[in-house]
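The file upload-v9.tsv contains TSV, C-alpha atoms:
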chain	number	residue	atom	x	y	z
R	28	MET	CA	-48.93	-253.75	66.74
R	29	ALA	CA	-48.88	-254.03	70.52
R	30	ARG	CA	-47.55	-250.47	70.66
R	31	PHE	CA	-50.98	-249.26	69.62
R	32	ALA	CA	-53.10	-251.39	71.86
R	33	THR	CA	-55.20	-248.44	72.90
R	34	LEU	CA	-55.91	-247.33	69.36
R	35	THR	CA	-57.21	-250.75	68.48
R	36	TYR	CA	-59.83	-249.36	66.17
R	37	ALA	CA	-57.25	-247.84	63.83
R	38	SER	CA	-54.96	-250.83	63.84
R	39	ALA	CA	-57.63	-253.52	63.66
R	40	VAL	CA	-59.36	-252.21	60.56
R	41	TRP	CA	-56.16	-251.38	58.68
R	42	ASP	CA	-55.44	-253.60	55.67
R	43	GLY	CA	-52.38	-251.82	54.29
R	44	PRO	CA	-48.69	-252.01	55.14
R	45	ALA	CA	-47.59	-251.64	58.75
R	46	THR	CA	-45.92	-248.28	58.12
R	47	GLU	CA	-49.16	-246.85	56.77
R	48	CYS	CA	-50.95	-248.23	59.82
R	49	GLU	CA	-48.47	-246.43	62.06
R	50	ASP	CA	-49.01	-243.24	60.06
R	51	ALA	CA	-52.76	-243.56	60.52
R	52	VAL	CA	-52.42	-244.11	64.25
R	53	LEU	CA	-49.99	-241.23	64.63
R	54	GLY	CA	-52.37	-239.04	62.64
R	55	HIS	CA	-55.12	-239.98	65.05
R	56	ALA	CA	-52.81	-239.17	67.97
R	57	LYS	CA	-52.05	-235.77	66.46
R	58	GLU	CA	-55.76	-235.12	66.20
R	59	LEU	CA	-56.14	-236.06	69.87
R	60	ASP	CA	-53.25	-233.71	70.70
R	61	ARG	CA	-54.99	-230.85	68.89
R	62	PHE	CA	-58.25	-231.61	70.65
R	63	LEU	CA	-56.67	-231.66	74.11
R	64	ALA	CA	-54.63	-228.51	73.41
R	65	ASP	CA	-57.81	-226.78	72.32
R	66	ILE	CA	-59.80	-227.54	75.44
R	67	GLU	CA	-57.21	-227.85	78.20
R	68	ARG	CA	-57.30	-224.27	79.49
R	69	ARG	CA	-61.06	-223.98	79.37
R	70	ALA	CA	-61.39	-227.33	81.14
R	71	PHE	CA	-58.92	-226.18	83.76
R	72	ARG	CA	-60.87	-222.98	84.42
R	73	MET	CA	-64.13	-224.89	84.73
R	74	ALA	CA	-62.57	-227.29	87.20
R	75	GLN	CA	-61.02	-224.39	89.09
R	76	ILE	CA	-64.35	-222.61	89.37
R	77	ALA	CA	-65.99	-225.76	90.75
R	78	LEU	CA	-63.16	-226.78	93.08
R	79	ARG	CA	-61.62	-223.41	94.08
R	80	ASP	CA	-58.15	-224.94	94.04
R	81	VAL	CA	-55.52	-224.77	91.31
R	82	ASP	CA	-53.84	-228.09	92.09
R	83	ASP	CA	-57.08	-230.01	92.47
R	84	ALA	CA	-58.28	-228.52	89.18
R	85	LEU	CA	-55.05	-229.51	87.43
R	86	ASP	CA	-55.29	-233.03	88.83
R	87	ALA	CA	-58.90	-233.34	87.66
R	88	VAL	CA	-58.00	-232.19	84.13
R	89	GLN	CA	-54.97	-234.47	83.94
R	90	ASP	CA	-57.02	-237.42	85.14
R	91	ALA	CA	-59.70	-236.68	82.55
R	92	MET	CA	-57.09	-236.48	79.78
R	93	LEU	CA	-55.54	-239.79	80.79
R	94	LYS	CA	-58.87	-241.57	81.01
R	95	LEU	CA	-59.98	-240.22	77.65
R	96	ALA	CA	-56.69	-241.32	76.06
R	97	ARG	CA	-56.74	-244.70	77.75
R	98	HIS	CA	-60.35	-245.67	77.07
R	99	TYR	CA	-61.70	-243.54	74.26
R	100	ALA	CA	-58.80	-242.46	72.02
R	101	ALA	CA	-59.94	-244.83	69.28
R	102	ARG	CA	-63.45	-243.40	69.24
R	103	PRO	CA	-64.41	-240.91	66.51
R	104	ALA	CA	-63.04	-237.45	67.27
R	105	GLU	CA	-66.47	-235.82	67.37
R	106	GLU	CA	-67.30	-237.94	70.44
R	107	TRP	CA	-64.29	-236.77	72.42
R	108	ARG	CA	-65.63	-233.48	73.73
R	109	PRO	CA	-68.77	-234.77	75.49
R	110	LEU	CA	-66.82	-237.80	76.71
R	111	PHE	CA	-64.02	-235.64	78.06
R	112	TYR	CA	-66.36	-233.33	79.92
R	113	ARG	CA	-68.32	-236.23	81.32
R	114	ILE	CA	-65.10	-237.70	82.72
R	115	LEU	CA	-64.07	-234.29	84.03
R	116	GLN	CA	-67.38	-233.66	85.77
R	117	ASN	CA	-67.18	-237.10	87.38
R	118	GLY	CA	-63.66	-236.28	88.54
R	119	ILE	CA	-64.81	-232.98	90.02
R	120	ARG	CA	-67.57	-234.78	91.88
R	121	ASP	CA	-65.03	-237.29	93.21
R	122	VAL	CA	-62.88	-234.48	94.63
R	123	GLN	CA	-65.92	-232.86	96.20
R	124	ARG	CA	-66.97	-236.22	97.69
R	125	ARG	CA	-63.48	-236.76	99.13
R	126	ARG	CA	-63.56	-233.32	100.70
R	127	MET	CA	-66.94	-234.05	102.24
R	128	ILE	CA	-65.64	-237.29	103.76
R	129	ARG	CA	-62.59	-235.47	105.09
R	130	ARG	CA	-64.78	-232.84	106.71
R	131	ARG	CA	-66.89	-235.56	108.32
R	132	VAL	CA	-63.78	-237.33	109.62
R	133	MET	CA	-62.40	-234.05	110.92
R	134	ALA	CA	-65.67	-233.28	112.71
R	135	TRP	CA	-65.36	-236.58	114.61
R	136	MET	CA	-61.69	-236.20	115.43
R	137	PRO	CA	-61.18	-235.32	119.10
R	138	GLY	CA	-59.19	-232.17	119.60
R	139	THR	CA	-58.81	-231.30	115.90
R	140	ARG	CA	-60.84	-229.03	113.75
R	141	GLN	CA	-58.55	-228.18	110.85
R	142	ASP	CA	-57.31	-230.29	107.97
R	143	PRO	CA	-53.55	-229.76	107.60
R	144	ASP	CA	-54.03	-229.37	103.84
R	145	GLU	CA	-56.45	-226.50	104.31
R	146	GLU	CA	-54.26	-224.00	106.08
R	147	ALA	CA	-54.99	-220.33	105.70
R	148	GLN	CA	-53.85	-218.98	102.37
R	149	ASP	CA	-51.48	-216.07	102.06
R	150	PRO	CA	-53.65	-213.11	101.01
R	151	ILE	CA	-50.80	-211.58	99.02
R	152	GLU	CA	-50.26	-214.81	97.15
R	153	THR	CA	-53.93	-215.19	96.35
R	154	ALA	CA	-54.60	-211.55	95.46
R	155	ALA	CA	-55.47	-210.85	91.84
R	156	ASP	CA	-52.63	-209.44	89.76
R	157	PRO	CA	-53.82	-206.02	88.52
R	158	GLY	CA	-51.56	-206.23	85.43
R	159	PRO	CA	-50.61	-203.40	83.11
R	160	ASP	CA	-54.03	-201.74	82.90
R	161	GLY	CA	-54.82	-201.89	86.59
R	162	ALA	CA	-58.29	-200.40	86.86
R	163	GLN	CA	-59.78	-202.26	83.91
R	164	CYS	CA	-58.25	-205.57	84.99
R	165	LEU	CA	-59.41	-205.05	88.54
R	166	MET	CA	-63.00	-204.50	87.39
R	167	GLN	CA	-62.87	-207.60	85.21
R	168	SER	CA	-61.31	-209.57	88.01
R	169	GLN	CA	-64.03	-208.51	90.43
R	170	ALA	CA	-66.76	-209.30	87.92
R	171	MET	CA	-65.27	-212.74	87.27
R	172	GLU	CA	-64.97	-213.35	90.99
R	173	ARG	CA	-68.62	-212.48	91.42
R	174	LEU	CA	-69.56	-214.78	88.56
R	175	GLU	CA	-67.52	-217.64	90.06
R	176	GLU	CA	-69.15	-217.16	93.45
R	177	SER	CA	-72.57	-217.23	91.84
R	178	LEU	CA	-71.72	-220.33	89.83
R	179	ARG	CA	-70.49	-222.11	92.94
R	180	ALA	CA	-73.73	-221.25	94.71
R	181	LEU	CA	-75.73	-223.12	92.05
R	182	PRO	CA	-76.68	-226.78	92.46
R	183	ALA	CA	-74.06	-228.97	90.76
R	184	ARG	CA	-76.21	-230.03	87.81
R	185	GLN	CA	-77.28	-226.46	87.06
R	186	ARG	CA	-73.67	-225.32	87.23
R	187	GLU	CA	-72.60	-228.09	84.87
R	188	ALA	CA	-75.36	-227.26	82.40
R	189	PHE	CA	-74.50	-223.56	82.41
R	190	MET	CA	-70.76	-224.10	82.06
R	191	LEU	CA	-71.04	-226.65	79.27
R	192	ARG	CA	-73.77	-224.84	77.32
R	193	ASN	CA	-72.73	-221.25	77.79
R	194	LEU	CA	-69.04	-221.19	78.66
R	195	GLU	CA	-67.91	-224.18	76.61
R	196	GLY	CA	-70.45	-223.53	73.84
R	197	MET	CA	-71.74	-227.07	73.53
R	198	ASP	CA	-75.15	-227.68	72.01
R	199	VAL	CA	-78.00	-229.32	73.92
R	200	ALA	CA	-77.31	-232.81	72.54
R	201	GLN	CA	-73.59	-232.67	73.38
R	202	THR	CA	-74.32	-231.30	76.83
R	203	ALA	CA	-76.82	-234.10	77.44
R	204	ARG	CA	-74.18	-236.68	76.52
R	205	ALA	CA	-71.60	-234.96	78.71
R	206	MET	CA	-73.99	-234.80	81.66
R	207	GLY	CA	-75.45	-238.25	81.13
R	208	CYS	CA	-79.05	-237.05	81.07
R	209	SER	CA	-81.81	-236.23	78.61
R	210	GLU	CA	-81.89	-233.10	76.47
R	211	GLY	CA	-85.02	-232.02	78.32
R	212	SER	CA	-83.16	-232.17	81.63
R	213	VAL	CA	-80.34	-230.07	80.18
R	214	LYS	CA	-82.81	-227.41	79.10
R	215	THR	CA	-84.42	-227.41	82.55
R	216	HIS	CA	-81.10	-227.21	84.41
R	217	TYR	CA	-79.82	-224.50	82.09
R	218	SER	CA	-82.97	-222.42	82.34
R	219	ARG	CA	-82.93	-222.58	86.13
R	220	ALA	CA	-79.23	-221.73	86.20
R	221	VAL	CA	-79.73	-218.65	84.03
R	222	HIS	CA	-82.66	-217.56	86.16
R	223	SER	CA	-80.67	-217.94	89.40
R	224	LEU	CA	-77.62	-216.19	87.98
R	225	ARG	CA	-79.71	-213.28	86.72
R	226	GLU	CA	-81.19	-212.89	90.18
R	227	ARG	CA	-77.78	-212.97	91.83
R	228	LEU	CA	-75.85	-210.91	89.31
R	229	GLY	CA	-78.60	-208.57	88.24
R	230	GLU	CA	-77.70	-205.90	90.77
R	231	VAL	CA	-74.08	-205.80	89.70
R	232	TRP	CA	-74.39	-206.42	85.97
V	30	MET	CA	-75.75	-211.80	81.21
V	31	GLU	CA	-74.89	-214.92	79.22
V	32	GLU	CA	-72.70	-213.00	76.77
V	33	HIS	CA	-71.03	-211.05	79.53
V	34	SER	CA	-70.25	-214.17	81.52
V	35	ARG	CA	-68.89	-215.88	78.40
V	36	ALA	CA	-66.64	-212.90	77.65
V	37	LEU	CA	-65.35	-212.84	81.21
V	38	PHE	CA	-64.70	-216.55	81.10
V	39	GLU	CA	-62.77	-216.23	77.83
V	40	ASP	CA	-60.64	-213.46	79.36
V	41	SER	CA	-59.89	-215.63	82.37
V	42	VAL	CA	-58.95	-218.52	80.08
V	43	ALA	CA	-56.56	-216.27	78.18
V	44	ALA	CA	-55.04	-215.13	81.47
V	45	VAL	CA	-54.07	-218.63	82.63
V	46	ASP	CA	-50.50	-218.33	83.86
V	47	MET	CA	-47.42	-220.08	82.50
V	48	ARG	CA	-47.08	-222.45	85.43
V	49	VAL	CA	-50.57	-223.80	84.90
V	50	GLN	CA	-50.05	-223.91	81.13
V	51	SER	CA	-46.86	-225.90	81.66
V	52	ARG	CA	-48.67	-228.42	83.87
V	53	LEU	CA	-51.46	-228.74	81.31
V	54	THR	CA	-48.95	-229.36	78.54
V	55	GLN	CA	-47.27	-232.06	80.62
V	56	ALA	CA	-50.65	-233.66	81.30
V	57	ARG	CA	-51.47	-233.64	77.59
V	58	HIS	CA	-48.17	-235.25	76.69
V	59	ALA	CA	-48.73	-237.92	79.33
V	60	ALA	CA	-52.18	-238.62	77.91
V	61	LEU	CA	-50.82	-238.88	74.36
V	62	SER	CA	-48.12	-241.28	75.46
V	63	VAL	CA	-50.86	-243.45	76.96
V	64	ALA	CA	-52.89	-243.26	73.76
V	65	VAL	CA	-49.99	-244.16	71.46
V	66	GLY	CA	-47.89	-246.22	73.83
V	67	GLY	CA	-50.53	-248.79	74.62
V	68	ARG	CA	-52.48	-249.86	77.62
V	69	VAL	CA	-50.97	-249.32	81.02
V	70	ARG	CA	-51.79	-251.33	84.08
V	71	GLY	CA	-53.89	-249.98	86.89
V	72	LEU	CA	-52.68	-248.01	89.85
V	73	PHE	CA	-49.37	-249.39	91.15
V	74	GLY	CA	-49.53	-252.08	88.45
V	75	MET	CA	-52.36	-253.91	90.15
V	76	PRO	CA	-54.86	-255.87	88.07
V	77	ARG	CA	-58.40	-254.63	87.58
V	78	TRP	CA	-59.96	-257.06	90.06
V	79	SER	CA	-58.10	-255.31	92.87
V	80	ALA	CA	-60.25	-252.24	92.27
V	81	PHE	CA	-63.35	-254.30	92.96
V	82	ALA	CA	-61.69	-255.76	96.05
V	83	GLY	CA	-60.90	-252.22	97.15
V	84	ALA	CA	-64.49	-251.16	96.61
V	85	ALA	CA	-65.70	-254.10	98.70
V	86	ALA	CA	-63.21	-253.20	101.43
V	87	THR	CA	-64.45	-249.64	101.37
V	88	VAL	CA	-68.04	-250.75	101.81
V	89	VAL	CA	-67.01	-252.87	104.81
V	90	LEU	CA	-65.12	-249.89	106.23
V	91	ALA	CA	-68.14	-247.66	105.64
V	92	VAL	CA	-70.46	-250.05	107.47
V	93	GLY	CA	-67.97	-250.25	110.36
V	94	LEU	CA	-67.71	-246.49	110.56
V	95	TRP	CA	-71.46	-246.15	110.40
V	96	PHE	CA	-71.97	-248.48	113.34
V	97	ALA	CA	-69.17	-246.79	115.27
V	98	TRP	CA	-70.60	-243.35	114.64
V	99	SER	CA	-74.13	-244.49	115.40
V	100	THR	CA	-73.17	-245.86	118.81
V	101	ALA	CA	-70.63	-243.22	119.83
V	102	ALA	CA	-71.59	-239.96	121.46
V	103	PRO	CA	-71.04	-236.97	119.17
V	104	PRO	CA	-67.97	-234.87	119.95
V	105	PRO	CA	-68.39	-231.39	121.37
V	106	GLY	CA	-69.23	-228.94	118.62
V	107	ALA	CA	-70.50	-231.60	116.22
V	108	SER	CA	-73.85	-230.93	114.63
V	109	GLY	CA	-75.31	-234.24	115.76
V	110	GLY	CA	-75.65	-237.78	114.42
V	111	HIS	CA	-78.18	-237.02	111.71
V	112	ALA	CA	-75.87	-237.71	108.80
V	113	SER	CA	-75.04	-241.39	109.30
V	114	PHE	CA	-76.95	-242.68	106.30
V	115	GLU	CA	-75.63	-239.85	104.18
V	116	ASP	CA	-72.07	-240.69	105.26
V	117	LEU	CA	-72.60	-244.32	104.37
V	118	ASP	CA	-73.92	-243.39	100.97
V	119	ILE	CA	-71.02	-241.05	100.26
V	120	VAL	CA	-68.32	-243.47	101.36
V	121	ALA	CA	-69.82	-246.50	99.65
V	122	SER	CA	-70.91	-244.83	96.45
V	123	THR	CA	-69.26	-245.90	93.20
V	124	ARG	CA	-70.13	-245.02	89.68
V	125	HIS	CA	-71.04	-247.56	87.05
V	126	GLY	CA	-67.88	-248.42	85.15
V	127	HIS	CA	-65.74	-246.22	87.36
V	128	VAL	CA	-65.05	-248.17	90.51
V	129	ASN	CA	-62.69	-245.72	92.15
V	130	ALA	CA	-63.07	-246.37	95.85
V	131	LEU	CA	-59.61	-247.91	95.99
V	132	ASP	CA	-58.11	-244.94	94.18
V	133	MET	CA	-59.78	-242.62	96.65
V	134	MET	CA	-58.44	-244.52	99.65
V	135	GLN	CA	-54.94	-244.67	98.21
V	136	GLU	CA	-54.90	-241.00	97.31
V	137	ASP	CA	-55.99	-240.07	100.82
V	138	ALA	CA	-53.73	-242.55	102.60
V	139	ASN	CA	-51.57	-239.79	104.11
V	140	PHE	CA	-54.60	-237.97	105.42
V	141	TYR	CA	-56.07	-241.06	107.08
V	142	ALA	CA	-52.69	-242.00	108.57
V	143	TRP	CA	-52.46	-238.50	110.00
V	144	ALA	CA	-56.07	-238.66	111.28
V	145	VAL	CA	-55.47	-242.00	113.05
V	146	ALA	CA	-52.23	-240.77	114.61
V	147	ASN	CA	-53.98	-237.63	115.78
V	148	ALA	CA	-56.85	-239.61	117.24
V	149	ASP	CA	-54.42	-241.90	119.09
V	150	GLN	CA	-52.55	-238.92	120.48
V	151	ALA	CA	-55.75	-237.17	121.56
V	152	GLY	CA	-56.99	-240.41	123.11
V	153	SER	CA	-53.82	-240.95	125.14
V	154	GLU	CA	-53.88	-237.32	126.33
V	155	SER	CA	-57.52	-237.70	127.31
V	156	GLY	CA	-56.74	-240.98	129.11
V	157	SER	CA	-53.83	-239.50	131.03
V	158	GLY	CA	-56.02	-236.52	131.97
V	159	HIS	CA	-58.60	-238.84	133.51
V	160	ALA	CA	-55.89	-240.77	135.36
V	161	GLY	CA	-54.43	-237.56	136.76
Encoded form using structure tokens:
Amino acid sequence: MARFATLTYASAVWDGPATECEDAVLGHAKELDRFLADIERRAFRMAQIALRDVDDALDAVQDAMLKLARHYAARPAEEWRPLFYRILQNGIRDVQRRRMIRRRVMAWMPGTRQDPDEEAQDPIETAADPGPDGAQCLMQSQAMERLEESLRALPARQREAFMLRNLEGMDVAQTARAMGCSEGSVKTHYSRAVHSLRERLGEVW
Amino acid sequence: MEEHSRALFEDSVAAVDMRVQSRLTQARHAALSVAVGGRVRGLFGMPRWSAFAGAAATVVLAVGLWFAWSTAAPPPGASGGHASFEDLDIVASTRHGHVNALDMMQEDANFYAWAVANADQAGSESGSGHAG
């Protein structure tokens, strides 16, 4: 039974034969697999929008997956989504905090002003791929870029509320659990986010 | 606006490239192996108390840095010493149930090693300049 130490809920309450217990645990694991497969790309894009870096976004998503699996895999499946996004948002904030500390350290370093990890990016490498239908894709790409810029300009809590409510499609209660605040706060943050985005994007959209 | 932004976001999700998808799949498999394979030990196999020790060490480091920064003259081009308390808060902050200061220090070990080496080099150059 030690193999399933993390899924203690499933194994502890099981009265039947060991093989059936293993089946139940594996069934739970398959459900977790489906859940993670369902959200992984959306979670990655949200992290990428917040962090503006592919590798940092991938690391944040991987860390969130591992923490969810390690600490909350045995919880009911309907709790996973708000838990996962809460872990992810905390991870994103950790990366942002680390960057802030690095910038402060760099500012105090004599004779240095540039972090070696933040070298100038190759514009060809970072340019959007126009794809088969160039004009249409380019317009969409530009609109998405504008949206991402506007989202990044929002205060963190407003951005989280907008992404979870609108982009991820979570309801107010789920968003409140994911953000660790009251439903009233979610409504306030979301309303302000929509207002700010309309002001910023109104001219273009 | 909300519908438009959602549609754009969905398109961008669908356009995630294969390299990223591959990394996400690997991450998912790693998470599932943790879920089914049982509990794993903390970073580098260290017990949980080491995270608290790391957090305490970070707080000590933060206080040291704060005093150093408070007493040192700001470097040329710096915006001033107004952010000392903010720095202390950022460095020392930990979340309830997620003491990750040690993780943060370990993940950034290369950066801090590089920063110290750079500071030493700059210091020796500055010292030799004064001597000359």
Item to check | Who sits within 7 Å of region 166-182 of chain R, only C-alpha atoms, same chain under 4 positions skipped, as a ChimeraX atom specification | outcome: /R:76-77,162,186,220,224,227 /V:37
Could the residues in this selection be saved with C-alpha atoms as a short mmCIF file (atom, residue, chain, number, x, y, z; two decimals), keeping the file's coordinate frame?
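part08.cif, written as the output of this step:
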data_model
loop_
_atom_site.label_atom_id
_atom_site.label_comp_id
_atom_site.auth_asym_id
_atom_site.auth_seq_id
_atom_site.Cartn_x
_atom_site.Cartn_y
_atom_site.Cartn_z
CA ILE R 76 -64.35 -222.61 89.37
CA ALA R 77 -65.99 -225.76 90.75
CA ALA R 162 -58.29 -200.40 86.86
CA ARG R 186 -73.67 -225.32 87.23
CA ALA R 220 -79.23 -221.73 86.20
CA LEU R 224 -77.62 -216.19 87.98
CA ARG R 227 -77.78 -212.97 91.83
CA LEU V 37 -65.35 -212.84 81.21
#
Checklist entry - Using only C-alpha atoms, which residue out of V:Ala56, V:Val65, V:Val49, V:Met30 lies closest to His55 (chain R)? => result V:Val65
Checklist entry - How many Å separate CA of Ile66 (chain R) from CA of Ser212 (chain R)? => result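 A separation of 24.6 Å between them.
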Next on the checklist: What does the structure give for the distance between CA of Asp80 (chain R) and CA of Gly207 (chain R), in Å to one decimal?
Outcome noted: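 Pair CA of Asp80 (chain R) / CA of Gly207 (chain R) returns 25.4 Å.
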Checklist entry - Which of these residues is nearest to chain V, using all atoms listed in the file: R:Ala84, R:Leu78, R:Leu93, R:Met127? => result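 Closest candidate: R:Leu93.
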